[in-house]
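Asks: Structure incoming, see below.
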Amino acid sequence: MYTLRTFWTSGPKLARGVLSPGVPAALRGTPAQPVRLLATSVQQESFLNGSSSNYVEEMYSAWLEDPKSVHKSWDVFFRNAQRGAAPGEAYQSPPQVPVMVPIQPMAWPMVPVPAPVAAAAPSEQVSGKVIDDHLAVQAIIRSYQIRGHQCGKLDPLGIMEADLDSSTPRELTLPYYRFSEGDLDRTFVLPQTTFIGGGTASLPLREIIKRLEETYCQTIGLEYMHINDRSKCDWIRQKFEIPGIMSMENEKKRLTLARLVRSTRFEQFLATKYPAEKRFGLEGCEVLIPALKTIIDRCTEQGVESFVLGMPHRGRLNVLANVVRKDLDQILCQFDSSLEADDEGSGDVKYHLGCSHMRLNRTTNKSIKLALVANPSHLEAADPVVQGKTRAEQYYRGDIEGKKVMSILMHGDAAFAGQGVVFETFHLSDLPAYTTHGTIHVVVNNQIGFTTDPRFSRSSNYCTDAAKVVEAPIFHVNADDPEAVAHVCNVAADWRSEFEKDVVIDLVCYRRGGHNEMDEPMFTQPLMYKQITKQPTVLKQYAEKLIAEGVVTKDEYEEEVAKYDKICEEAYQQAKEEKILSIKHWLDSPWTDFFKDKTRDSMMVCEPTGVSEDILTHVGTAMGSPPPDPKFTIHGGVKRILRQRATMVKERWVDWAMAEAMAFGSLMQSGFHVRLSGQDVERGTFSQRHHVLHDQNRDKVFWTALDNLWPDQAPYTVCNSSLSEYAVMGFELGYSMSNPNALVLWEAQFGDFANTAQCIIDQFISSGQAKWVRQTGITLLLPHGYEGMGPEHSSARLERFLQMSTEDPDHFPEIDERFEIRQLFDHNWMVCNCTTPANYFHLLRRQVLLPFRKPLVVMTPKSLLRHPEARSSFDDMLPATTFQRLIPDTGPAGQNTESVQRLIFCTGKVYYDLTKERKARDLEDKIAIVRIEQISPFPFDMVKQQCDMYANADLVWAQEEHKNMGAWNYVQPRIRTTVNRERHVSYAGRASAAAAATGAKQSHQQELTRLLEHAMNLDHVVELWQSRRNHTG
C-alpha cells in the first residue's frame, strides 16, 4: 500500500519534492492544485520525486550555463522541456525500453512515456538506464553523506559502535542500487552536491565509492544533512570531501605531539605523586588538550580575544594547567590537605574550581583571556551560566556579532544525552536576547556513564542527537587520531566564525580508569576494561607514527617528555613551600576595578537609595505617555493604563509597577544597566508591567519607554525568555557575574516555578560565594501569595530560601551603628517580602548601590499589584528615605504601646488581611501589627526594639503559608533569641500540609478565616499561653 500525502501549492509556495519557479513546466507540479506525493514514482516523470528533484534542478542549472556540461540524455530532456513539453512528455527513451529507477528499496512500476512534443534526432536518443544509473550514483553519494558516519571507525577500542548499531545500512551497498562489480569501472558525471572530484567533473564508480569511504567512513563521522540550508551543507562538504584537504603540515604535527606530551605526562605525574587522591583524570581522552588549543588558536586568528569555558570535573585540572595555563604550583597546592585558606569561604574540591587568566597565545602571538567557570558535580549545570557570562561580555564590549568573545562548552556523553538543561541551553542559542553567536561544544565521549552502559542510558543513536534541534553540525571523531581531531576542531572554529551558530565535536574515546581514581570499573564493564588495559596511549601511538614518518626523531620526542617532566617537578617543589591556600586565586569572574582600594571597613557604608522628585516625575511621565510616533496604534486597554499612570504622577503616588519602573529608570540615569528576563516579563504575568508596547496594526513595531528616558542613560534590556527556568536562571546568573555595575533580574511566571531551577539556586546562588569567593548581585523576583489559585500558583517556597540562609538562629549579634550593612556583608544572600511599592523601590536600588554584591530573593506580590491600599507616596522615595527592614505599626497601637495586648509579626500580603480584620473587630488599639520586610538577614535589632516597646503584649507570628512552610520555622527561634527566650511566640496560620495550597476556593477561604480568628482572638491565645505555663510548671 502506498502512503498518500497532499500539499497545496499557490503562488511561490511549492509542494514538498516539487522544483523551484523558473524551471520548465515539465519539471514542476501544477500551481494551485493539490499535489499527490506517493512513496513510489511521480506520475508524470519516473525520476521526478522528492529524493531526486534537487539533483534534477542542479543538472538544469548546469545545462543553462553550458549544455555540454551535462550528459547527453539530460541535454535531450531539457531541450524538449524548453520547447514546451508538458509534464511526462519531455523525457525520451529508446523504443520499447521501459523506465526503471531502482533507487527505492522496492521495485518501481514501469510508467509509459508519451511521445515528446518535438522529438529529438535519433542520434540524441539516450538509454533510460543511463539516466537511472546517474540518479543511482547521486543516491549513493547522498547516502554516504547521510549515513556514512554509521560505518565510521570511531571507537578507539574497536569493540563498540558510537551509534550503538553494528549493522551496515543497506543504502551503502551496491546491490541496493542494482549495481554489480562490473559497473565499478563505469564513469559517471558528479552532481553539484559533492566535491569529491576536486577539479574533476566525472569519476569511475570505483573511485567515487573509494573517496566517499575515505571522507565519511574512517575516523571522522559527519552528521550535517539534518541542516535545512543547502549552502551550509555545501560548506561542510568542501571542508571534508575535497581530496587532500585533511592533510596536516609537519610543523602542526610536531605541535600536536608536544601538546599531547603535556596532556599525558601531566596526568601521569599526578598519578605518581598523589596516587590516593581523586582528581578525575583525563586518561583515555588526552587529545582534549590539543583539541581545545587548536580551537583557541584558530579562533584567535579570527579575532577572538576572550574565551569563556565550561566543563564537568573530568580533565578539569589538565585544562587548567595546559589550556588556561594556571600556575602549576597553585594547582598542586590543592592536593595539600594541610594548607588552610587565608580568605573567606569554605572552598570547594579542586576538580570543581575555575579561574580567569590572561596569557599570550604563542601560536598567534596575541594576548587572550580565558575564564573557566567553576562547576558543581551537577555536570551540565554550568552550561547556561557560561552562556550568560559570554553574552554579558559581548554586550559590554559592543561585540554584537560575537567576534571578540566566545564560549566553549565541554560535556560528558551520558550527561549530554541525559540532562535536560543541555536541551534548554541549546534553545537559547538563537534567541535575540540570549544568543552568543555560536558555541563550540566538545563532548568527551567515554562511551560510559559512571557504571552505566550507553545502551541503557540513552534512547538516541548518538549521545549528541539533542544538538540536532538547532541544526548544529555534529563531527564524530576517533580520539586516538589526533590529526583527524585537529581537522574537525579547525572546521568547527571556521563554522562558528562563518555562520555564528553552534557546532558539536564528539570525541569518541574511553576512560582508562574508573569513574574516579578510587573506583574499580571491572565490576561492571569487564570486557571493555580488558581491552583498555591492552590499549596503548594516544601519545604512544602518535609518537610512533610521527617517528616512522620522519616528522620527529625518537630523541626529539624523549627530549620533549623530559622537558615537561622537569616543569612539573619544579612546580611540585615550589608547591611544598606554600604555607597558605588562597581561594581568591581561583576566581572565574574577578571584578578588579570594582573592589580596587576597598577594604572591609570602607564597604560598611551604602549610598542613599532615595531620589529627587524630578527624577520620579520624569520617569513616571514617560511611563504614562504614548509613543512619540503618531502612527503607533496602542491597544485600548493599554491606553487606559497609560492614563492611570499619568494620574499617579499628577497625584504623587505609585503602585507596584510604577515603583519598579522608577527604580529601573533612576538606576539607568545613574549609569547602571538594567536587564530583566523571564517568562512574559515584558508585559508581566499579571499584565501589570507593559514595558514593551506593541503597535496594533504593524508587526515588529515596539516602544520601550524605559529605554528612551535620557539621551545618555544606561541601556534597558527587557526580554521574554523561552519557557525554561533552569537554563534561563542560570543564564542570568552568568550574566550578573560579568559586570557588578548592573541590575540583573530573573522573574518567575509564578514563584513556585523556580523549583525547576533549584540546582542553580542551591549550587550557585546561595553558596557560590562560600565555595568560589564569587559575588553576584542576581535578583530573583518570585510572585508569591495565597489567593485561592491552587497549589502551583500560590507559594514561591519561601521556606527553602530561608533554610539556606547562613545566619545562626541562636546567637544574638552585636548591635552597632553599622549593624545593618555589616549583616548584609556577612550573609550569603537577602530574602525579602515587601508590602509597599516604596520599599520595593528602595530594595531594588539598594541592590546595586551597596559597595559589594549579594544575591537578592524577593517574594513579589500578585493581588497587591492592584490593591487600593498597596500604594506609596512620592514622599516615601525622596532623598531622605531608605529601605525599611521592618515597618512598625504607626496606628493607635503604636501610639499607646502599654495597652497593646498582642504584637503580631508578619511579612507580605497577609498584612493587609490582618489589618482589615483588626479594623472590623475594632482592635486597632489592642493589637499591633509589625511587618518584617527583610526576613533574612533577620533584623534582630529592630525586632528587639519592637518587643521591648510592647513589653506587655503576647507575641504572635502570623503567616498565610502552612505551618511547615513559609517563614515560621525561620523567624520563631530568632524572635525567641531576641527576647532571650523569656517570652513565648505563638503561631497563627494554616496547619501543616503536604501541598503548598488547597485547590478549592471555598477551602482556601475557610483556612483564611481560621487564620484570622487565631490571630485576632485575644482570649484564645491567652488560654493557650496559660495552658502552656501550667503544663510546663
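Chains: A, B, ... in order of the C-alpha cells. Residues: from 1 per chain. Ligands: from 1, in order shown.
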Write out as a CSV table (one decimal) with C-alpha atoms, in the first residue's frame all residues of stretch 261-392 of chain A that DSSP puts in strand (DSSP E) for this structure's backbone.

Replies:
```csv
chain,number,residue,atom,x,y,z
A,306,SER,CA,38.2,36.3,25.3
A,307,PHE,CA,37.1,32.7,25.8
A,308,VAL,CA,34.6,31.5,28.5
A,309,LEU,CA,34.9,27.8,29.1
A,310,GLY,CA,32.6,25.4,30.9
A,340,GLU,CA,44.4,26.4,55.3
A,341,ALA,CA,42.7,29.1,53.3
A,355,CYS,CA,39.7,30.7,37.3
A,356,SER,CA,40.3,33.6,35.0
A,357,HIS,CA,43.7,34.2,33.4
A,358,MET,CA,45.3,36.5,30.8
A,359,ARG,CA,48.0,34.9,28.7
A,360,LEU,CA,49.9,35.1,25.5
A,361,ASN,CA,48.8,32.7,22.7
A,366,LYS,CA,48.1,37.6,20.7
A,367,SER,CA,47.1,38.2,24.2
A,368,ILE,CA,43.9,36.3,25.2
A,369,LYS,CA,41.7,35.9,28.2
A,370,LEU,CA,40.5,32.5,29.3
A,371,ALA,CA,37.9,32.0,32.1
A,372,LEU,CA,37.0,28.5,33.2
```

Asks: When you look at A:Asp465 with a cut-off of 10 Å (counting only C-alpha atoms), what residues show up, excluding the ones that are within fewer than 5 positions of it in the same chain? I need them as a PyMOL selection string.

Replies: chain A and resi 223+416-417+459-460+472+474+504

Asks: Keeping only N, CA, C and O atoms, write the selected residues as a compact mmCIF listing (two decimals), in the first residue's frame.

Replies:
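Output file result30.txt follows:
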```txt
# COMPACT_ATOMS: atom_id res chain seq x y z
N GLU A 223 27.70 14.31 10.67
CA GLU A 223 26.24 14.45 10.65
C GLU A 223 25.92 15.92 10.37
O GLU A 223 26.15 16.78 11.22
N PHE A 416 25.39 14.72 28.47
CA PHE A 416 24.93 15.46 27.29
C PHE A 416 23.60 14.90 26.79
O PHE A 416 22.70 15.63 26.38
N ALA A 417 23.47 13.57 26.85
CA ALA A 417 22.24 12.93 26.40
C ALA A 417 21.16 12.95 27.47
O ALA A 417 19.97 12.98 27.16
N SER A 459 18.20 6.74 24.56
CA SER A 459 17.36 6.14 23.53
C SER A 459 17.79 6.54 22.14
O SER A 459 17.36 5.93 21.15
N SER A 460 18.59 7.56 22.02
CA SER A 460 19.05 8.05 20.71
C SER A 460 20.25 7.25 20.24
O SER A 460 20.93 6.58 21.03
N ALA A 472 22.65 22.03 14.51
CA ALA A 472 24.11 22.14 14.66
C ALA A 472 24.77 20.96 13.97
O ALA A 472 24.34 19.82 14.13
N ILE A 474 27.38 18.00 13.56
CA ILE A 474 27.99 17.15 14.58
C ILE A 474 29.13 16.38 13.94
O ILE A 474 28.93 15.65 12.97
N VAL A 504 29.06 20.89 17.22
CA VAL A 504 29.40 19.87 18.22
C VAL A 504 30.52 18.99 17.70
O VAL A 504 30.49 18.49 16.57
```

Asks: Extract, using only C-alpha atoms, all DNA, RNA and protein residues at most 12 Å from A:Leu781, discarding same-chain residues fewer than 5 positions from it, and format them as a VMD selection string.

Replies: chain A and resid 660 676 to 679 681 684 to 685 729 744 to 754 796 798 831 to 834 840 843 to 844 855 to 862

Asks: If we count only C-alpha atoms and set the cut-off at 8 Å, which residues sit around stretch 187-192 of chain A, ignoring sequence neighbours fewer than 5 positions away in its own chain? Please answer as a JSON list (two decimals) with N, CA, C and O atoms, in the first residue's frame.

Replies:
```
[["chain", "number", "residue", "atom", "x", "y", "z"],
["A", 55, "TYR", "N", 18.60, 17.10, -7.38],
["A", 55, "TYR", "CA", 19.61, 16.73, -8.38],
["A", 55, "TYR", "C", 19.20, 17.22, -9.78],
["A", 55, "TYR", "O", 20.00, 17.76, -10.53],
["A", 58, "GLU", "N", 19.74, 20.86, -10.10],
["A", 58, "GLU", "CA", 21.16, 21.18, -10.26],
["A", 58, "GLU", "C", 21.61, 20.92, -11.70],
["A", 58, "GLU", "O", 22.35, 21.71, -12.29],
["A", 59, "MET", "N", 21.16, 19.79, -12.26],
["A", 59, "MET", "CA", 21.52, 19.47, -13.63],
["A", 59, "MET", "C", 20.97, 20.52, -14.59],
["A", 59, "MET", "O", 21.63, 20.92, -15.56],
["A", 70, "VAL", "N", 26.54, 18.61, -19.10],
["A", 70, "VAL", "CA", 25.71, 17.51, -18.58],
["A", 70, "VAL", "C", 25.72, 16.37, -19.58],
["A", 70, "VAL", "O", 26.11, 16.52, -20.75],
["A", 71, "HIS", "N", 25.27, 15.22, -19.13],
["A", 71, "HIS", "CA", 25.19, 14.05, -20.01],
["A", 71, "HIS", "C", 24.22, 14.31, -21.16],
["A", 71, "HIS", "O", 23.28, 15.09, -21.04],
["A", 134, "HIS", "N", 22.77, 7.26, -13.38],
["A", 134, "HIS", "CA", 23.29, 8.52, -12.84],
["A", 134, "HIS", "C", 22.52, 8.93, -11.59],
["A", 134, "HIS", "O", 23.11, 9.42, -10.63],
["A", 137, "VAL", "N", 23.78, 6.83, -8.79],
["A", 137, "VAL", "CA", 25.06, 7.32, -8.26],
["A", 137, "VAL", "C", 24.82, 8.53, -7.36],
["A", 137, "VAL", "O", 25.45, 8.68, -6.30],
["A", 138, "GLN", "N", 23.91, 9.40, -7.80],
["A", 138, "GLN", "CA", 23.54, 10.54, -6.95],
["A", 138, "GLN", "C", 23.00, 10.04, -5.61],
["A", 138, "GLN", "O", 23.34, 10.57, -4.55],
["A", 197, "GLY", "N", 35.26, 15.14, -6.36],
["A", 197, "GLY", "CA", 36.02, 15.15, -7.61],
["A", 197, "GLY", "C", 37.19, 16.10, -7.61],
["A", 197, "GLY", "O", 38.06, 16.01, -8.47],
["A", 201, "ALA", "N", 35.20, 16.50, -13.17],
["A", 201, "ALA", "CA", 33.74, 16.52, -13.28],
["A", 201, "ALA", "C", 33.14, 15.12, -13.26],
["A", 201, "ALA", "O", 31.95, 14.97, -12.99],
["A", 202, "SER", "N", 33.92, 14.10, -13.57],
["A", 202, "SER", "CA", 33.40, 12.74, -13.59],
["A", 202, "SER", "C", 34.46, 11.78, -13.08],
["A", 202, "SER", "O", 35.67, 12.04, -13.19],
["A", 203, "LEU", "N", 33.99, 10.66, -12.51],
["A", 203, "LEU", "CA", 34.89, 9.66, -11.95],
["A", 203, "LEU", "C", 34.31, 8.28, -12.17],
["A", 203, "LEU", "O", 33.08, 8.12, -12.25],
["A", 204, "PRO", "N", 35.15, 7.26, -12.21],
["A", 204, "PRO", "CA", 34.64, 5.90, -12.20],
["A", 204, "PRO", "C", 33.92, 5.61, -10.89],
["A", 204, "PRO", "O", 34.28, 6.17, -9.84],
["A", 205, "LEU", "N", 32.94, 4.75, -10.93],
["A", 205, "LEU", "CA", 32.17, 4.43, -9.73],
["A", 205, "LEU", "C", 33.09, 3.89, -8.63],
["A", 205, "LEU", "O", 32.89, 4.21, -7.44]]
```

Asks: Under the rule that only C-alpha atoms are counted, which of A:Gln847, A:Ser986, A:Thr363, A:Thr200 is the nearest residue to A:Thr294?

Replies: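 Once distances to A:Thr294 are computed over only C-alpha atoms, the minimum belongs to A:Thr363.
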
Asks: Mind checking which residues fall within 9 Å of A:Glu613, counting only C-alpha atoms, ignoring those fewer than 3 positions away in the same chain, and posting them as a ChimeraX atom specification?

Replies: /A:616-618,874-875,877-879

Asks: Tell me, as a list of chain:residue names, which residues lie within 10 Å of A:Ala543, counting only C-alpha atoms; anything in the same chain fewer than 2 positions away does not count.

Replies: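 Neighbouring residues, sequence-local ones excluded: A:Lys253, A:Arg254, A:Leu257, A:Ala258, A:Leu260, A:Val261, A:Thr537, A:Val538, A:Leu539, A:Lys540, A:Gln541, A:Lys545, A:Leu546, A:Ile547, A:Ala548, A:Glu549, A:Val551, A:Val552, A:Thr553, A:Lys554, A:Tyr557, A:Glu558.
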
Asks: Counting only C-alpha atoms, figure out which residue out of A:Thr882, A:Ser805, A:Thr300, A:Gln763 gets nearest to A:Ala838.

Replies: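 Of all the options, A:Thr882 lies closest to A:Ala838.
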
Asks: Just give me the gap between atom CA of A:Phe426 and atom CA of A:Asn720 in Å, one decimal is fine.

Replies: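 Those two atoms sit 16.5 Å apart.
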
Asks: Skipping near chain neighbours, those fewer than 4 positions away, what residues fall within 12 Å of stretch 1010-1020 of chain A using only C-alpha atoms, listed as an NGL selection string?

Replies: :A and (900-906 or 910-924 or 926-929 or 953-963 or 986-991 or 1003-1006 or 1024-1027)

Asks: Ranking A:Thr173, A:Gln946, A:Asn739, A:Asn446 by minimum distance to A:Met160 and counting only C-alpha atoms, which one comes first?

Replies: A:Asn446

Asks: Measure the distance from atom CA of A:Trp656 to atom CA of A:Lys854 in Å and round it to one decimal.

Replies: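 So the two atoms, atom CA of A:Trp656 and atom CA of A:Lys854, lie 23.2 Å apart.
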
Asks: One decimal, in Å: what's the spacing between atom CA of A:Ile821 and atom CA of A:Pro608?

Replies: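 Interatomic distance, atom CA of A:Ile821 to atom CA of A:Pro608: 12.6 Å.
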
Asks: Rank nothing, just name the residue among A:Ile567, A:Leu255, A:Met406, A:Met942 nearest to A:Thr435, using only C-alpha atoms.

Replies: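 Of A:Ile567, A:Leu255, A:Met406, A:Met942, the one nearest A:Thr435 is A:Met406, counting only C-alpha atoms.
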